[in-house]
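Engineer: Provided below: run-v9.txt, containing compact mmCIF, C-alpha atoms and all ligand atoms.
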```
# COMPACT_ATOMS: atom_id res chain seq x y z
CA MET A 1 5.76 113.11 -69.30
CA ASN A 2 6.44 115.19 -72.41
CA GLN A 3 7.01 113.79 -75.89
CA LEU A 4 10.70 113.59 -76.72
CA PRO A 5 12.02 115.64 -79.59
CA PRO A 6 13.07 113.17 -82.33
CA ASN A 7 16.78 113.91 -81.92
CA VAL A 8 17.12 112.68 -78.32
CA LYS A 9 19.49 109.77 -78.49
CA TYR A 10 18.66 108.18 -75.12
CA ASP A 11 15.02 108.01 -74.17
CA ILE A 12 15.40 107.91 -70.39
CA LEU A 13 11.89 109.23 -69.75
CA SER A 14 9.85 106.39 -71.27
CA PRO A 15 8.19 103.46 -69.45
CA ALA A 16 10.02 101.10 -71.86
CA PHE A 17 13.39 102.47 -70.73
CA HIS A 18 12.50 102.08 -67.05
CA SER A 19 11.42 98.45 -67.44
CA ASP A 20 15.03 97.57 -68.34
CA PRO A 21 17.27 100.66 -68.24
CA TYR A 22 20.61 98.85 -68.07
CA PRO A 23 21.41 98.32 -71.79
CA THR A 24 20.74 102.03 -72.46
CA LEU A 25 22.71 103.11 -69.39
CA ARG A 26 25.63 100.96 -70.52
CA ALA A 27 25.55 102.58 -73.97
CA MET A 28 25.45 106.03 -72.38
CA ARG A 29 28.33 105.25 -70.03
CA GLU A 30 30.44 103.91 -72.91
CA GLN A 31 29.59 106.48 -75.57
CA ASP A 32 28.12 109.60 -73.91
CA PRO A 33 28.97 109.54 -70.21
CA ILE A 34 28.17 113.25 -69.85
CA PHE A 35 25.09 113.44 -72.02
CA SER A 36 23.25 116.77 -72.51
CA HIS A 37 19.56 115.93 -72.35
CA PRO A 38 17.60 118.60 -74.23
CA LEU A 39 14.28 118.02 -72.50
CA LEU A 40 15.64 117.75 -68.97
CA GLN A 41 18.09 120.54 -69.74
CA ALA A 42 20.62 118.66 -67.66
CA ARG A 43 23.88 116.79 -68.13
CA VAL A 44 23.15 113.13 -67.46
CA LEU A 45 26.11 111.46 -65.71
CA THR A 46 26.45 107.67 -65.86
CA ARG A 47 30.04 106.95 -64.72
CA TYR A 48 30.70 106.14 -61.06
CA ALA A 49 33.62 108.56 -60.86
CA ASP A 50 31.61 111.53 -62.19
CA VAL A 51 28.52 110.88 -60.05
CA ASN A 52 30.75 110.38 -57.00
CA THR A 53 32.60 113.65 -57.72
CA VAL A 54 29.39 115.67 -57.95
CA LEU A 55 27.87 114.18 -54.79
CA ARG A 56 31.05 114.58 -52.74
CA GLU A 57 32.05 118.03 -53.95
CA ASN A 58 31.78 120.22 -50.85
CA THR A 59 33.12 123.58 -51.86
CA GLY A 60 29.76 125.07 -52.80
CA VAL A 61 29.85 124.19 -56.51
CA PHE A 62 26.66 122.11 -56.50
CA SER A 63 23.37 122.94 -54.82
CA ALA A 64 20.41 120.83 -53.74
CA ARG A 65 18.18 123.93 -53.68
CA LYS A 66 15.71 123.04 -56.39
CA VAL A 67 12.51 124.52 -54.95
CA GLU A 68 12.41 127.46 -57.38
CA GLN A 69 12.05 124.88 -60.14
CA PHE A 70 8.88 123.33 -58.72
CA GLY A 71 5.77 124.43 -60.57
CA VAL A 72 7.55 126.82 -62.94
CA GLY A 73 5.11 127.99 -65.62
CA THR A 74 1.92 127.23 -63.68
CA PRO A 75 -0.93 129.78 -64.08
CA GLU A 76 -0.94 132.99 -62.05
CA HIS A 77 -4.23 132.21 -60.26
CA VAL A 78 -2.50 129.38 -58.33
CA ALA A 79 0.65 131.42 -57.55
CA ASP A 80 -0.29 131.93 -53.87
CA LYS A 81 -0.91 128.22 -53.38
CA LEU A 82 2.33 127.36 -55.16
CA ARG A 83 4.17 129.75 -52.81
CA VAL A 84 2.70 128.00 -49.75
CA CYS A 85 3.87 124.63 -51.12
CA ASN A 86 7.34 125.85 -52.02
CA ASP A 87 7.78 127.58 -48.65
CA PHE A 88 7.03 124.19 -47.11
CA PHE A 89 9.58 122.40 -49.35
CA ARG A 90 12.18 125.04 -48.43
CA THR A 91 12.28 123.61 -44.90
CA TRP A 92 13.19 120.13 -46.17
CA VAL A 93 16.71 118.97 -45.44
CA ALA A 94 16.90 117.32 -48.87
CA PHE A 95 16.52 120.70 -50.61
CA LEU A 96 19.00 122.71 -48.50
CA ASP A 97 22.69 123.58 -48.74
CA PRO A 98 25.12 124.36 -45.90
CA PRO A 99 24.92 126.06 -43.45
CA GLU A 100 21.11 125.47 -43.18
CA HIS A 101 21.54 121.86 -44.27
CA THR A 102 24.29 121.21 -41.71
CA ARG A 103 22.13 122.67 -38.95
CA LEU A 104 19.14 120.39 -39.72
CA ARG A 105 21.34 117.30 -40.12
CA SER A 106 22.97 117.93 -36.73
CA LEU A 107 19.58 118.32 -35.06
CA ILE A 108 18.08 115.13 -36.53
CA ALA A 109 21.28 113.20 -35.79
CA LYS A 110 20.55 113.88 -32.09
CA ALA A 111 17.14 112.20 -32.38
CA PHE A 112 17.54 109.62 -35.14
CA THR A 113 20.23 107.50 -33.51
CA PHE A 114 21.55 103.95 -33.85
CA GLN A 115 19.63 103.02 -30.67
CA SER A 116 16.33 104.41 -31.99
CA ILE A 117 16.71 102.28 -35.13
CA GLU A 118 17.90 99.17 -33.28
CA SER A 119 14.89 99.44 -30.92
CA LEU A 120 12.67 98.74 -33.96
CA ARG A 121 14.14 95.25 -34.53
CA GLY A 122 11.42 93.37 -32.58
CA LYS A 123 8.63 95.32 -34.26
CA ILE A 124 10.08 94.70 -37.73
CA GLU A 125 10.33 90.97 -36.98
CA SER A 126 6.76 90.76 -35.78
CA VAL A 127 5.28 92.78 -38.69
CA ALA A 128 7.33 90.79 -41.23
CA GLY A 129 6.22 87.52 -39.57
CA GLU A 130 2.57 88.60 -39.65
CA LEU A 131 2.52 89.75 -43.29
CA ILE A 132 4.54 86.77 -44.54
CA GLY A 133 2.43 84.37 -42.43
CA ALA A 134 -0.72 85.70 -44.10
CA ALA A 135 0.84 85.04 -47.52
CA ARG A 136 1.68 81.46 -46.51
CA SER A 137 -1.94 80.67 -45.76
CA ARG A 138 -2.99 82.10 -49.17
CA GLY A 139 -0.23 80.37 -51.20
CA SER A 140 0.66 83.56 -53.04
CA LEU A 141 1.19 87.28 -52.55
CA GLU A 142 1.38 90.51 -54.48
CA VAL A 143 4.64 91.62 -52.88
CA VAL A 144 4.10 95.39 -53.15
CA ALA A 145 0.55 95.45 -51.75
CA ASP A 146 0.88 92.62 -49.23
CA LEU A 147 4.39 93.11 -47.83
CA ALA A 148 6.75 95.75 -49.24
CA GLY A 149 4.20 98.61 -49.09
CA PRO A 150 2.67 98.03 -45.64
CA LEU A 151 5.83 97.01 -43.75
CA PRO A 152 7.82 100.29 -43.98
CA ARG A 153 4.64 102.26 -43.25
CA GLN A 154 3.89 100.33 -40.05
CA ILE A 155 7.52 100.56 -38.92
CA PHE A 156 7.70 104.27 -39.66
CA ALA A 157 4.48 104.87 -37.67
CA GLU A 158 6.05 103.03 -34.73
CA LEU A 159 9.29 105.02 -35.02
CA LEU A 160 7.64 108.41 -35.25
CA GLY A 161 4.93 107.62 -32.70
CA ILE A 162 1.75 107.94 -34.78
CA PRO A 163 -1.11 105.43 -35.17
CA ALA A 164 -0.49 102.93 -38.01
CA GLU A 165 -4.16 103.34 -39.04
CA ASP A 166 -3.37 106.92 -40.13
CA THR A 167 -1.11 105.67 -42.92
CA ALA A 168 -3.84 105.73 -45.58
CA GLU A 169 -4.59 109.40 -44.89
CA LEU A 170 -0.88 110.32 -44.93
CA ASP A 171 -0.39 108.37 -48.18
CA ARG A 172 -3.21 110.41 -49.69
CA PHE A 173 -1.47 113.68 -48.75
CA SER A 174 1.84 112.34 -50.11
CA SER A 175 0.27 111.41 -53.44
CA MET A 176 -1.06 114.98 -53.70
CA VAL A 177 2.29 116.61 -52.84
CA ILE A 178 4.84 114.39 -54.62
CA PRO A 179 3.94 115.33 -58.25
CA LEU A 180 5.00 118.92 -57.55
CA PHE A 181 8.61 117.93 -56.95
CA GLY A 182 8.71 114.66 -58.91
CA GLY A 183 9.75 116.22 -62.24
CA GLY A 184 7.41 116.56 -65.21
CA VAL A 185 4.95 119.24 -66.22
CA ILE A 186 2.66 120.63 -63.53
CA GLY A 187 -0.76 122.22 -64.11
CA ALA A 188 -3.07 124.29 -61.92
CA ASP A 189 -4.95 121.18 -60.72
CA GLU A 190 -1.75 119.62 -59.43
CA VAL A 191 -0.84 122.81 -57.57
CA GLU A 192 -4.35 122.88 -56.00
CA ALA A 193 -3.95 119.23 -54.95
CA ALA A 194 -0.42 119.76 -53.60
CA HIS A 195 -1.63 122.77 -51.60
CA ALA A 196 -4.44 120.70 -50.06
CA GLY A 197 -1.89 117.96 -49.28
CA VAL A 198 0.47 120.44 -47.59
CA LEU A 199 -2.38 121.82 -45.43
CA GLY A 200 -3.37 118.24 -44.59
CA PHE A 201 0.17 117.46 -43.45
CA TYR A 202 0.32 120.64 -41.36
CA ALA A 203 -2.99 119.92 -39.63
CA TYR A 204 -2.02 116.31 -38.98
CA PHE A 205 1.48 116.79 -37.60
CA THR A 206 0.66 120.01 -35.70
CA LYS A 207 -1.95 118.03 -33.76
CA HIS A 208 0.71 115.45 -32.79
CA ILE A 209 3.28 118.13 -31.90
CA GLU A 210 0.72 119.90 -29.67
CA ALA A 211 -0.14 116.63 -27.91
CA ARG A 212 3.52 116.07 -27.05
CA ARG A 213 3.87 119.54 -25.56
CA SER A 214 1.55 118.48 -22.75
CA GLU A 215 2.94 114.93 -22.53
CA SER A 216 6.32 113.93 -23.90
CA THR A 217 6.72 110.38 -25.24
CA SER A 218 9.75 108.23 -26.10
CA ASP A 219 9.22 108.26 -29.90
CA LEU A 220 11.16 110.04 -32.64
CA LEU A 221 8.78 112.99 -32.80
CA SER A 222 9.31 113.78 -29.11
CA LYS A 223 13.06 113.28 -29.52
CA MET A 224 13.13 115.67 -32.49
CA MET A 225 11.17 118.23 -30.45
CA GLU A 226 13.67 117.90 -27.60
CA ALA A 227 16.84 117.82 -29.77
CA ARG A 228 19.18 120.76 -29.11
CA VAL A 229 22.51 121.85 -30.54
CA GLY A 230 23.53 124.60 -28.10
CA GLU A 231 20.43 126.82 -27.91
CA ASP A 232 19.26 125.80 -31.34
CA ARG A 233 16.25 123.54 -31.93
CA LEU A 234 13.82 122.69 -34.74
CA SER A 235 10.97 125.18 -35.25
CA ASP A 236 7.41 123.82 -35.59
CA ASP A 237 7.50 124.35 -39.36
CA GLU A 238 10.80 122.49 -39.56
CA LEU A 239 9.38 119.68 -37.43
CA VAL A 240 6.43 119.22 -39.77
CA GLY A 241 8.81 119.38 -42.77
CA MET A 242 11.09 116.80 -41.16
CA CYS A 243 8.24 114.37 -40.39
CA VAL A 244 7.05 114.56 -43.99
CA THR A 245 10.56 114.32 -45.48
CA LEU A 246 11.41 111.26 -43.40
CA MET A 247 8.10 109.65 -44.30
CA ILE A 248 8.34 110.25 -48.04
CA ALA A 249 12.06 109.39 -48.13
CA ASP A 250 11.33 106.14 -46.30
CA HIS A 251 8.21 104.63 -47.86
CA GLU A 252 8.75 104.09 -51.59
CA THR A 253 12.49 103.46 -51.32
CA THR A 254 12.27 100.79 -48.63
CA SER A 255 9.31 99.24 -50.42
CA SER A 256 11.36 99.02 -53.65
CA LEU A 257 14.29 97.49 -51.78
CA ILE A 258 12.05 94.70 -50.41
CA THR A 259 10.32 94.12 -53.77
CA ASN A 260 13.62 94.12 -55.68
CA SER A 261 15.15 91.65 -53.20
CA ILE A 262 12.38 89.10 -53.74
CA LEU A 263 12.31 89.71 -57.50
CA THR A 264 16.07 89.28 -57.87
CA LEU A 265 16.09 86.04 -55.87
CA CYS A 266 13.14 84.65 -57.85
CA ARG A 267 15.19 85.21 -60.99
CA ARG A 268 18.42 83.79 -59.53
CA PRO A 269 17.90 80.42 -57.82
CA SER A 270 21.66 79.89 -57.37
CA ALA A 271 21.97 83.10 -55.31
CA LEU A 272 18.95 82.05 -53.27
CA GLN A 273 20.55 78.64 -52.66
CA LEU A 274 23.71 80.34 -51.35
CA LEU A 275 21.63 82.37 -48.90
CA ARG A 276 19.72 79.29 -47.73
CA GLU A 277 23.04 77.56 -47.01
CA ASP A 278 24.45 80.57 -45.16
CA LEU A 279 22.02 83.14 -43.76
CA ASP A 280 24.98 85.28 -42.66
CA LEU A 281 25.25 86.32 -46.32
CA ILE A 282 21.95 88.22 -46.06
CA PRO A 283 23.38 91.67 -45.10
CA GLY A 284 25.72 91.51 -48.12
CA ALA A 285 22.85 90.31 -50.31
CA VAL A 286 20.70 93.31 -49.34
CA ASP A 287 23.50 95.70 -50.29
CA GLU A 288 23.99 93.82 -53.52
CA VAL A 289 20.28 94.33 -54.32
CA MET A 290 20.80 98.04 -53.60
CA ARG A 291 23.66 98.12 -56.09
CA TYR A 292 22.12 95.86 -58.71
CA GLU A 293 18.56 97.30 -58.66
CA SER A 294 18.97 100.71 -57.03
CA PRO A 295 15.66 101.95 -55.57
CA THR A 296 16.82 105.55 -56.01
CA PHE A 297 17.44 105.84 -59.71
CA ALA A 298 19.04 109.28 -59.97
CA THR A 299 19.39 112.64 -58.26
CA PHE A 300 19.66 116.22 -59.52
CA ARG A 301 22.06 118.98 -58.49
CA ARG A 302 22.15 122.58 -59.67
CA VAL A 303 25.55 123.97 -60.66
CA VAL A 304 26.22 127.26 -58.87
CA ARG A 305 29.86 127.82 -59.80
CA GLU A 306 31.75 126.89 -62.95
CA PHE A 307 33.32 123.47 -62.53
CA GLU A 308 35.59 121.36 -64.71
CA LEU A 309 34.17 117.87 -64.22
CA VAL A 310 36.75 116.14 -66.41
CA ASP A 311 39.33 117.45 -68.86
CA GLY A 312 37.52 119.57 -71.44
CA VAL A 313 34.04 119.35 -69.86
CA THR A 314 33.04 122.43 -67.90
CA LEU A 315 29.70 122.66 -66.13
CA GLU A 316 28.15 126.13 -66.35
CA PRO A 317 26.51 127.97 -63.41
CA GLY A 318 22.71 127.69 -63.57
CA SER A 319 22.81 124.35 -65.37
CA PHE A 320 21.67 121.03 -63.87
CA VAL A 321 23.33 117.64 -63.59
CA LEU A 322 21.50 114.36 -63.11
CA GLY A 323 23.67 111.75 -61.39
CA VAL A 324 22.29 108.35 -62.37
CA LEU A 325 23.00 106.23 -59.28
CA ALA A 326 21.67 103.09 -61.03
CA ALA A 327 24.26 103.55 -63.80
CA ALA A 328 27.17 104.40 -61.48
CA ASN A 329 26.38 101.23 -59.52
CA ARG A 330 26.99 99.12 -62.62
CA ASP A 331 30.15 100.83 -63.82
CA PRO A 332 32.80 98.19 -64.68
CA GLU A 333 35.53 100.70 -63.77
CA ARG A 334 34.30 100.45 -60.16
CA PHE A 335 32.62 97.01 -59.86
CA ALA A 336 34.04 93.79 -61.27
CA ASP A 337 31.50 92.02 -63.46
CA PRO A 338 28.84 94.66 -62.64
CA ASP A 339 25.90 92.98 -64.40
CA THR A 340 26.30 89.87 -62.27
CA PHE A 341 24.28 89.70 -59.05
CA ASP A 342 26.80 88.40 -56.51
CA VAL A 343 25.71 88.04 -52.87
CA THR A 344 29.34 87.49 -51.84
CA ARG A 345 30.59 90.72 -53.48
CA GLU A 346 33.25 92.52 -51.42
CA ASN A 347 34.02 96.23 -51.16
CA ASN A 348 30.50 97.00 -52.39
CA ARG A 349 30.59 100.78 -51.97
CA HIS A 350 27.54 101.49 -54.12
CA LEU A 351 25.92 104.91 -54.35
CA ALA A 352 22.31 103.81 -53.83
CA PHE A 353 22.21 105.74 -50.51
CA SER A 354 24.10 108.61 -52.18
CA THR A 355 27.31 109.95 -50.63
CA GLY A 356 28.59 113.30 -49.37
CA ILE A 357 26.54 115.64 -47.21
CA HIS A 358 23.11 114.41 -48.38
CA THR A 359 23.95 110.74 -47.81
CA CYS A 360 20.84 108.94 -46.58
CA PRO A 361 20.37 109.21 -42.79
CA GLY A 362 17.89 106.29 -42.97
CA ALA A 363 20.34 103.79 -44.51
CA ALA A 364 20.73 101.71 -41.32
CA MET A 365 16.96 101.51 -40.88
CA ALA A 366 16.38 100.50 -44.52
CA ARG A 367 19.11 97.84 -44.28
CA LEU A 368 17.63 96.45 -41.06
CA GLU A 369 14.15 96.19 -42.61
CA GLY A 370 15.53 94.65 -45.82
CA GLN A 371 17.61 92.07 -43.93
CA ILE A 372 14.82 91.00 -41.56
CA VAL A 373 12.22 90.70 -44.34
CA LEU A 374 14.54 88.71 -46.57
CA ARG A 375 15.50 86.30 -43.83
CA THR A 376 11.87 85.81 -42.72
CA PHE A 377 10.80 85.26 -46.32
CA ILE A 378 13.53 82.71 -47.09
CA GLU A 379 12.87 80.82 -43.86
CA ALA A 380 9.09 80.82 -44.41
CA PHE A 381 9.04 79.34 -47.91
CA GLU A 382 10.72 76.28 -49.36
CA ARG A 383 9.94 77.59 -52.80
CA PHE A 384 8.81 80.88 -54.29
CA GLU A 385 8.50 81.85 -57.92
CA LEU A 386 7.25 84.66 -60.12
CA VAL A 387 3.71 84.28 -61.39
CA ASP A 388 4.36 86.86 -64.10
CA ASP A 389 7.75 88.17 -65.25
CA ASP A 390 6.29 91.05 -67.26
CA LEU A 391 6.60 93.92 -64.76
CA ALA A 392 5.47 97.55 -65.00
CA TYR A 393 7.68 100.42 -63.80
CA ALA A 394 6.67 104.07 -63.48
CA PRO A 395 8.81 106.39 -65.66
CA HIS A 396 10.17 108.20 -62.61
CA LEU A 397 13.70 109.58 -62.51
CA MET A 398 14.10 109.50 -58.73
CA LEU A 399 12.57 106.17 -57.72
CA ARG A 400 12.59 102.78 -59.42
CA GLY A 401 10.78 99.59 -58.47
CA PRO A 402 8.11 97.29 -59.95
CA GLN A 403 4.59 98.59 -59.40
CA ALA A 404 3.36 95.08 -58.61
CA LEU A 405 5.02 91.67 -58.19
CA ARG A 406 2.96 88.50 -57.96
CA VAL A 407 4.76 85.55 -56.41
CA ALA A 408 3.57 81.99 -55.70
CA VAL A 409 4.89 80.55 -52.43
CA ARG A 410 5.14 77.10 -50.84
C1 LIG B 1 16.22 101.48 -49.40
C2 LIG B 1 15.80 102.58 -48.82
C3 LIG B 1 16.39 103.94 -49.05
C4 LIG B 1 17.10 104.42 -50.11
C5 LIG B 1 17.53 103.67 -51.35
C6 LIG B 1 17.41 105.80 -49.84
C7 LIG B 1 18.17 106.60 -50.65
C8 LIG B 1 18.47 107.92 -50.41
C9 LIG B 1 19.30 108.75 -51.24
C10 LIG B 1 19.95 108.30 -52.54
C11 LIG B 1 19.36 109.98 -50.66
C12 LIG B 1 20.15 111.20 -51.12
C13 LIG B 1 19.65 111.83 -52.38
C14 LIG B 1 20.59 112.89 -52.86
O1 LIG B 1 21.82 112.82 -52.64
O2 LIG B 1 20.08 113.82 -53.50
C15 LIG B 1 18.55 109.92 -49.46
C16 LIG B 1 18.35 111.00 -48.62
C17 LIG B 1 17.52 110.95 -47.53
N1 LIG B 1 16.90 109.84 -46.99
FE1 LIG B 1 16.99 107.97 -47.73
N2 LIG B 1 16.85 106.15 -48.64
C18 LIG B 1 16.23 105.03 -48.11
C19 LIG B 1 15.58 104.96 -46.90
C20 LIG B 1 15.39 106.00 -46.04
C21 LIG B 1 14.76 105.90 -44.74
C22 LIG B 1 14.28 104.60 -44.11
C23 LIG B 1 14.72 107.17 -44.22
C24 LIG B 1 14.19 107.65 -42.90
C25 LIG B 1 13.31 107.05 -42.16
C26 LIG B 1 15.35 108.05 -45.18
C27 LIG B 1 15.51 109.41 -45.03
C28 LIG B 1 16.21 110.22 -45.88
C29 LIG B 1 16.36 111.67 -45.70
C30 LIG B 1 15.76 112.52 -44.58
C31 LIG B 1 17.17 112.13 -46.74
C32 LIG B 1 17.64 113.56 -47.01
C33 LIG B 1 19.02 113.73 -46.41
C34 LIG B 1 19.70 115.03 -46.80
O3 LIG B 1 19.32 115.66 -47.78
O4 LIG B 1 20.66 115.41 -46.10
N3 LIG B 1 15.76 107.30 -46.26
N4 LIG B 1 18.04 108.66 -49.31
```
Give the structure from this file in structure tokens form.

Structural biologist:
Amino acid sequence: MNQLPPNVKYDILSPAFHSDPYPTLRAMREQDPIFSHPLLQARVLTRYADVNTVLRENTGVFSARKVEQFGVGTPEHVADKLRVCNDFFRTWVAFLDPPEHTRLRSLIAKAFTFQSIESLRGKIESVAGELIGAARSRGSLEVVADLAGPLPRQIFAELLGIPAEDTAELDRFSSMVIPLFGGGVIGADEVEAAHAGVLGFYAYFTKHIEARRSESTSDLLSKMMEARVGEDRLSDDELVGMCVTLMIADHETTSSLITNSILTLCRRPSALQLLREDLDLIPGAVDEVMRYESPTFATFRRVVREFELVDGVTLEPGSFVLGVLAAANRDPERFADPDTFDVTRENNRHLAFSTGIHTCPGAAMARLEGQIVLRTFIEAFERFELVDDDLAYAPHLMLRGPQALRVAVR
């Protein structure tokens, strides 16, 4: 990430900020709730009401079309490869506005149903039992590598209908593609890598789409291929884009949710005790983790029409806003005692899954995974504690979670 000019008051791009962002976010919310960040060239919003307004505004003021921004300023000799990547991103539901966005959401809603998520329950229980059982025999685990990373990947493979062994290859493509849209400065090498990752994804998913043309299966990929709204259906390019979007949107976020759940309970024995006494509190506890340590830190929108956000503050067309979900979720105007982790919290309408038209379609699946893992973990171990409380976080504006978490278990 770039060096900050000396006059930037809130250093929200540094690793130090991301290891404990809440004091800075509180200061921003209290003193500069609509902060113009010179390096991001965006207004950074930290109040619940403002973030909620931007995400819910549905009269075409804000746009999620950000693809033109990806790779701006990269050398001319990689322009063709950049175009291939950006044409691929243009099919992603996350980067579309209505009516194209509405069309894709309606088509995936036909395939990605409550039943398809609920049918994963047994698989989630068995994978959680297996991974947690292996940790019991070792007496410790590195939560990210041993549980939170592998579990969502195995469950996603089951859902989509691809072999779980292919996860490593798909992760490699993701790590090549993500830097292009993750913010930060992109060079020719990154464009080359992203291009190779995009081709890798195409080759991989096209092979699976072709196989289902001769023999349909009962998995999500077949259901997405069969989904129709009237005569409309997903094209092959859209299908590949949807598989990759779902995969990337699922993996790191669900992994952070699981890691943050275990971390937060290690740090708060009284909350853990409450859960042990009443396991029915677990669904509320998972949502409280989402609020308290939001896996999705922030999200950008482009302003396409002039908009008065609050009295005297007008957002100009062409500018960007960054809605900090992690700050909105700790706004005392919306949540009583917001810096307290409370597994019995009521009316917990946090924004960690966003809201409005882009609200996360995978929320039920993430909640189910989080709840099953937490319950299995609590039931498996009489005691668990942090081996090291000094955690590293990547300075990423979209995603937040510890990079590793070592826990001793008994
Ligand atoms: C704890 C886990 C998760 C969190 C915190 C999370 C959070 C989010 C957020 C905040 C957004 C909207 C971003 C915005 O408004 O710009 C989003 C969108 C999305 N999520 Fe999730 N997500 C999670 C899990 C999942 C899972 C399991 C899937 C699917 C398997 C998924 C698929 C998607 C997709 C496809 C979108 C784009 C929707 C659209 O643009 O209309 N997510 N997610």

Engineer: Which chains and residue numbers are within 7 Å of ligand LIG 1 (chain B), counting all atoms listed in the file, if I want them as number ranges by chain?

Structural biologist: A: 55, 93-95, 101, 105, 156, 245-247, 249-250, 253-254, 256-257, 290, 294-296, 299-300, 352-355, 357-363, 365-367

Engineer: Counting all atoms listed in the file, what is within 12 Å of A:Arg305, bar same-chain residues fewer than 5 positions away, as a list in words?

Structural biologist: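 Result of the neighbour search: Glu57, Asn58, Thr59, Gly60, Val61, Phe62, Ser63, Thr314, Leu315, Glu316, Pro317, Gly318, Ser319 and Phe320 of chain A.
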
Engineer: What gap, in Å, lies between atom CA of A:Thr167 and atom CA of A:Ser119?

Structural biologist: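 Here the two named atoms are 20.9 Å from each other.
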
Engineer: Nearest residue to A:Leu120 out of A:Val143, A:Ala157, A:Ala193, A:Ala135, using only C-alpha atoms?

Structural biologist: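 Looking only at the distances to A:Leu120, the closest residue turns out to be A:Ala157.
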
Engineer: Let me make sure I understand: among A:Asp20, A:Gln403, A:Leu39, A:Leu160, which one has the smallest atom-to-atom distance to A:Phe112 if we use all atoms listed in the file?

Structural biologist: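 Of the candidates, the smallest distance to A:Phe112 is held by A:Leu160.
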
Engineer: May I have the residues at most 7 Å from (28.5, 110.8, -64.4) in the file's coordinates, counting only C-alpha atoms, as a list in words?

Structural biologist: Pro33, Ile34, Val44, Leu45, Thr46, Arg47, Tyr48, Ala49, Asp50, Val51, Gly323 and Val324 of chain A

Engineer: Near A:Ala109, counting all atoms listed in the file, which residues have an atom at most 12 Å away, once you skip same-chain residues fewer than 4 positions from it, shown as a PyMOL selection string?

Structural biologist: chain A and resi 102-105+113-117+220+223-224+227-229+360-362

Engineer: What is the atom CA of A:Ser214-atom CA of A:Gly200 distance in Å, reported with one decimal?

Structural biologist: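 Here the two named atoms are 22.4 Å from each other.
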
Engineer: Counting all atoms listed in the file, which of A:Leu234, A:Val407, A:Leu159, A:Ala188 gets nearest to A:Thr217?

Structural biologist: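 Closest candidate: A:Leu159.
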
Engineer: Find the distance between atom CA of A:Ala392 and atom CA of A:Leu405 and write it in Å to one decimal.

Structural biologist: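 Interatomic distance, atom CA of A:Ala392 to atom CA of A:Leu405: 9.0 Å.
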
Engineer: Measuring atom to atom with only C-alpha atoms, identify which of A:Val84, A:Ile124, A:Ile258, A:Val8 is nearest to A:Tyr202.

Structural biologist: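 Of the candidates, the smallest distance to A:Tyr202 is held by A:Val84.
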
Engineer: Determine the nearest neighbour of A:Arg172 from the options A:Ala148, A:Leu107, A:Ile248, A:Ile282, counting only C-alpha atoms.

Structural biologist: A:Ile248

Engineer: Find the spatial neighbours of A:Ile186, counting all atoms listed in the file, within a cut-off of 12 Å - ignore same-chain residues fewer than 2 positions away - and output them as a VMD selection string.

Structural biologist: chain A and resid 1 to 2 69 to 75 78 82 176 to 184 188 to 194
